[in-house]
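Below: the structure, in structure tokens.
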Amino acid sequence: MNPKNDSSQMKQILNPDLNSENSSKRTDQNTDQIQKKVNSKEAEGKRSTSKAGDLNVEGLKLTDSEGPAGKGAAGKEGEPKKVNPKAPVQKGAEQTKAEQKGADQTKADPKGAGQKPNAMGSTEGRPLGSKSSASSTTASPGTSSNGAPPNSQSGKRKLSQTSYDEAAGWGSPPDTGEKLKREPECHMDPDKLEPNRDHTVLIDINESRDDRFVPYKGQPHAWDNLHVKLPTDFPKNGPKPRWDATVNALNSLKKKASVKDVAMAIMSYNQSYQREWKFHALETYVEQVNKCENNFSILIPKMAELAVRLPHVIQHAIPLLKQNRSHAITLSQGQISCLLANAFFCTFPHRNSTKPHSEYSNFPTINFSNLFGEPSPRKIEKLRALFHYFNTVTNEETRPRGLVTFERICIPPKELPNWQKKTEILTHLQVFSEGFIETEGKGLLQVDFAAKYVGGGVLGNGLVQEEIRFLMCPELIVARLFTEKLGDNECLKITGAQTYSVSSGYSDTFKWLGPYEDDTKRDKWKRRLCQIVAIDALNFHNPKDQYTKENIQRELNKAYVGFRPDPSVPLEYTPDIATGNWGCGAFKGDPELKALIQMMAAAVAGRSLAFFTFRNSAQARELRQIHKLLKTKRVSVGHLYTLLVRYCEEKQHYKSKSVFEFIQDKTGSASSHL
């Protein structure tokens, strides 16, 4: 990093003009409107686009600029092939709280604080663009083993543009003529970005233009249980906030920025944690990481400048995405970087306690204090990934210029399927014994095998599928600031997250490999065409517990909530799903049962599946066989559900066969009663 990129440059980057209020509320779309737009598109054949670098969004011209532009621009990366308006937010009321804490990984503390390392890692996923290693190659079915990194170009790794479901060598089944729907080929652009009662937009779409995105000046910051408590906020009739002291402490880091200086600054406004918080991992990072990569004393002043810009960058109250309500938040990548800089310096009030009855006990941790504590190889690699992100966002040439949307989706119980009565036949399935969700699943809805507290142990010792994804795409971490623990009928969908790094390994073998150049196209709102859905599986401390009707129904509902398409978007414009051994690692899920559950949920949702077995060719072969059998016999979802319930009943009393063997026995002959 060039030392000349000083704080004055940071002010230029993050000092947007502050102006008027947002536009009027966006009206809901109905089915007739959608059909008219689809018909209009087919009649026109093409839609006019603005010049490269300019974004013409129904009268709002936006170019690449500071953080998330108003939802409504295609950007320099070019526009998708298919464009049509759609409504961004699914609606509904969220249901009850989840019963369990935990991640789909080995975690002592699922919220990310005080976790112990997982010696074996997960059996569900692996890092972006990772390489093979001996340890990962011998991992158990579905293990987050390593694969080949993306192609290297100009010193940075880029996603290959190959259509992986067509490419040879990725363990794909014989070509049946059915292809997976991927973005941008199946993409339909959203309507003009506008806030409404179900969607909070933190940039001013009327004032944002040219090379900057202006923060939306709306509802004043609120000190209540419905909004994020920012370090700049204070309660009515209460004491002054500690923000003045925080700014003074962070400004001091512009002159001196050793680890000791950082520790003193953080502790000056967190004095009640003097005896608890340590900074040994940060010290170890500075001592061990090569100086050509480690520019700690240069980067910290830039991060401090970024953090103190908070009152200028966020000028509207950020709602908490609470249980039992669907809601979305769209904010700029610049705004996210400012919030994450504050998380690094541990400025968020009331967010340090994880005790059961503390104010934010139902939320993940957000301040980085636990990451700085006891040193470990895992934490050093995490810090390498995170410091690379901050190097990127504090550099004028590389800072991101787009939007990201975080949407909590809750489906009311009355809208969940009656599984026994579902008549759908299984949809198309492509199984890959090689490749990974994050790379070969590009353009698909990518499943995050999540914790109920999103991000799991990313700020602690956790380092498997979910945590690795959050480290490679650090903008995901900001979801921890406002997302309450997921309920059984809820998921979190993130649209537009950018990938910044490449890694290898998982758990104790995890390594940060270097920068990643994300060339994924953007949609009309300047969001990357990358959709991630976080769904949390049940944690079966006793594996036998999963074989009950109630638990099968819970997992079916959870998968369906994550897989269900936006009702306002025609299915032909909805990408298919990339998934794998969800809940089959530390949570002890049965890979065969979980695969069938996901096939059933996808069938009812009307979407096909790309299933990654992470180098387990035997599992891939068995999945193809059982899927072919069920398709050939035209076994409906309802019939399959009945068979699974019957299997559970038998397993309680007898030493039963595997799920697949049981299904094959019941469907393999003409006399079989389905």
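In the structure tokens, each chain is lettered A, B, ... as it comes, each chain's residues begin at 1, and ligands are numbered from 1 in order of appearance.
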I want to know what sits within 8 Å of segment 543-556 of chain A, based on only C-alpha atoms, with residues of the same chain fewer than 6 positions away left out; could you give that as a PyMOL selection string? chain A and resi 419+488+537+588-590+597-598+600-601+645+647-649+651-652
To test your reading of the structure, identify every residue in segment 366-429 of chain A that backbone DSSP assigns to strand (DSSP E or B), and report it as JSON, numbers by chain. {"A": [403, 404, 405, 406, 407, 408, 409, 410, 425, 429]}
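Nearest to Lys526 of chain A of all the residues A:Thr365, A:Asn418, A:Thr495, A:Gln625 is A:Thr495, based on only C-alpha atoms.
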Apply DSSP to the backbone of this structure and, from segment 227-445 of chain A, keep only the residues in alpha helix (DSSP H); write these as a ChimeraX atom specification. /A:243-252,259-268,280-288,296-308,310-313,333-344,377-393
Compile the contact shell of Glu293 of chain A as a list in words: residues with an atom at most 9 Å away, counting only C-alpha atoms, same-chain residues fewer than 3 positions apart removed.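 The contact residues come out as Met1, Val289, Asn290, Phe296, Arg384 and His388 of chain A.
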Between atom CA of Lys422 of chain A and atom CA of Ala602 of chain A, what is the distance, to one decimal in Å?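 Distance between the two atoms: 12.2 Å.
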Who sits within 6 Å of segment 441-451 of chain A, only C-alpha atoms, same chain under 5 positions skipped, as a list of chain:residue names: A:Gly102, A:Ala103, A:Asp104, A:Arg182, A:Glu183, A:Gly456, A:Glu466, A:Gln531, A:Ile532, A:Val533, A:Ala534, A:Ile535, A:Asp536, A:Pro575, A:Asp576, A:Ile577, A:Ala578, A:Thr579, A:Trp582
Restricting the output to N, CA and C atoms, write the selected residues as a PDB file, in the first residue's frame.
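Contents of result_37.pdb, freshly written:
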```pdb
ATOM      1  N   GLY A 102     -25.994 -22.111  17.559  1.00  0.00           N
ATOM      2  CA  GLY A 102     -24.968 -22.957  17.007  1.00  0.00           C
ATOM      3  C   GLY A 102     -24.781 -22.748  15.559  1.00  0.00           C
ATOM      4  N   ALA A 103     -23.676 -23.196  15.078  1.00  0.00           N
ATOM      5  CA  ALA A 103     -23.351 -23.111  13.686  1.00  0.00           C
ATOM      6  C   ALA A 103     -23.328 -24.498  13.150  1.00  0.00           C
ATOM      7  N   ASP A 104     -23.292 -24.595  11.815  1.00  0.00           N
ATOM      8  CA  ASP A 104     -23.173 -25.897  11.194  1.00  0.00           C
ATOM      9  C   ASP A 104     -21.700 -26.218  11.110  1.00  0.00           C
ATOM     10  N   ARG A 182     -28.541 -20.012 -14.670  1.00  0.00           N
ATOM     11  CA  ARG A 182     -27.571 -19.192 -13.957  1.00  0.00           C
ATOM     12  C   ARG A 182     -27.751 -17.730 -14.334  1.00  0.00           C
ATOM     13  N   GLU A 183     -27.370 -16.864 -13.399  1.00  0.00           N
ATOM     14  CA  GLU A 183     -27.241 -15.455 -13.731  1.00  0.00           C
ATOM     15  C   GLU A 183     -25.870 -15.242 -14.364  1.00  0.00           C
ATOM     16  N   GLY A 456     -21.539 -17.490  12.333  1.00  0.00           N
ATOM     17  CA  GLY A 456     -20.967 -18.482  13.232  1.00  0.00           C
ATOM     18  C   GLY A 456     -19.787 -17.955  14.024  1.00  0.00           C
ATOM     19  N   GLU A 466     -19.166 -21.707   6.554  1.00  0.00           N
ATOM     20  CA  GLU A 466     -19.740 -20.368   6.693  1.00  0.00           C
ATOM     21  C   GLU A 466     -18.679 -19.327   7.025  1.00  0.00           C
ATOM     22  N   GLN A 531     -25.944 -14.215  -5.244  1.00  0.00           N
ATOM     23  CA  GLN A 531     -26.948 -14.385  -4.197  1.00  0.00           C
ATOM     24  C   GLN A 531     -26.536 -15.523  -3.279  1.00  0.00           C
ATOM     25  N   ILE A 532     -26.535 -15.237  -1.991  1.00  0.00           N
ATOM     26  CA  ILE A 532     -26.189 -16.221  -0.969  1.00  0.00           C
ATOM     27  C   ILE A 532     -27.374 -16.332  -0.025  1.00  0.00           C
ATOM     28  N   VAL A 533     -27.754 -17.553   0.334  1.00  0.00           N
ATOM     29  CA  VAL A 533     -28.839 -17.721   1.296  1.00  0.00           C
ATOM     30  C   VAL A 533     -28.309 -18.503   2.495  1.00  0.00           C
ATOM     31  N   ALA A 534     -28.500 -17.941   3.673  1.00  0.00           N
ATOM     32  CA  ALA A 534     -28.063 -18.567   4.917  1.00  0.00           C
ATOM     33  C   ALA A 534     -29.227 -19.334   5.528  1.00  0.00           C
ATOM     34  N   ILE A 535     -29.075 -20.663   5.612  1.00  0.00           N
ATOM     35  CA  ILE A 535     -30.077 -21.502   6.269  1.00  0.00           C
ATOM     36  C   ILE A 535     -29.360 -22.384   7.287  1.00  0.00           C
ATOM     37  N   ASP A 536     -29.904 -22.483   8.460  1.00  0.00           N
ATOM     38  CA  ASP A 536     -29.275 -23.221   9.554  1.00  0.00           C
ATOM     39  C   ASP A 536     -29.960 -24.559   9.760  1.00  0.00           C
ATOM     40  N   PRO A 575     -32.631 -18.111 -10.782  1.00  0.00           N
ATOM     41  CA  PRO A 575     -31.524 -19.064 -10.921  1.00  0.00           C
ATOM     42  C   PRO A 575     -31.746 -20.309 -10.076  1.00  0.00           C
ATOM     43  N   ASP A 576     -31.104 -21.391 -10.471  1.00  0.00           N
ATOM     44  CA  ASP A 576     -31.171 -22.626  -9.704  1.00  0.00           C
ATOM     45  C   ASP A 576     -30.233 -22.536  -8.492  1.00  0.00           C
ATOM     46  N   ILE A 577     -30.081 -23.640  -7.777  1.00  0.00           N
ATOM     47  CA  ILE A 577     -29.474 -23.621  -6.445  1.00  0.00           C
ATOM     48  C   ILE A 577     -28.198 -24.450  -6.417  1.00  0.00           C
ATOM     49  N   ALA A 578     -27.167 -23.923  -5.757  1.00  0.00           N
ATOM     50  CA  ALA A 578     -25.924 -24.658  -5.509  1.00  0.00           C
ATOM     51  C   ALA A 578     -25.853 -25.006  -4.030  1.00  0.00           C
ATOM     52  N   THR A 579     -25.754 -26.291  -3.731  1.00  0.00           N
ATOM     53  CA  THR A 579     -25.725 -26.723  -2.338  1.00  0.00           C
ATOM     54  C   THR A 579     -24.832 -27.942  -2.177  1.00  0.00           C
ATOM     55  N   TRP A 582     -25.386 -30.094   3.545  1.00  0.00           N
ATOM     56  CA  TRP A 582     -25.898 -29.141   4.533  1.00  0.00           C
ATOM     57  C   TRP A 582     -26.194 -29.849   5.853  1.00  0.00           C
TER      58      TRP A 582
END
```
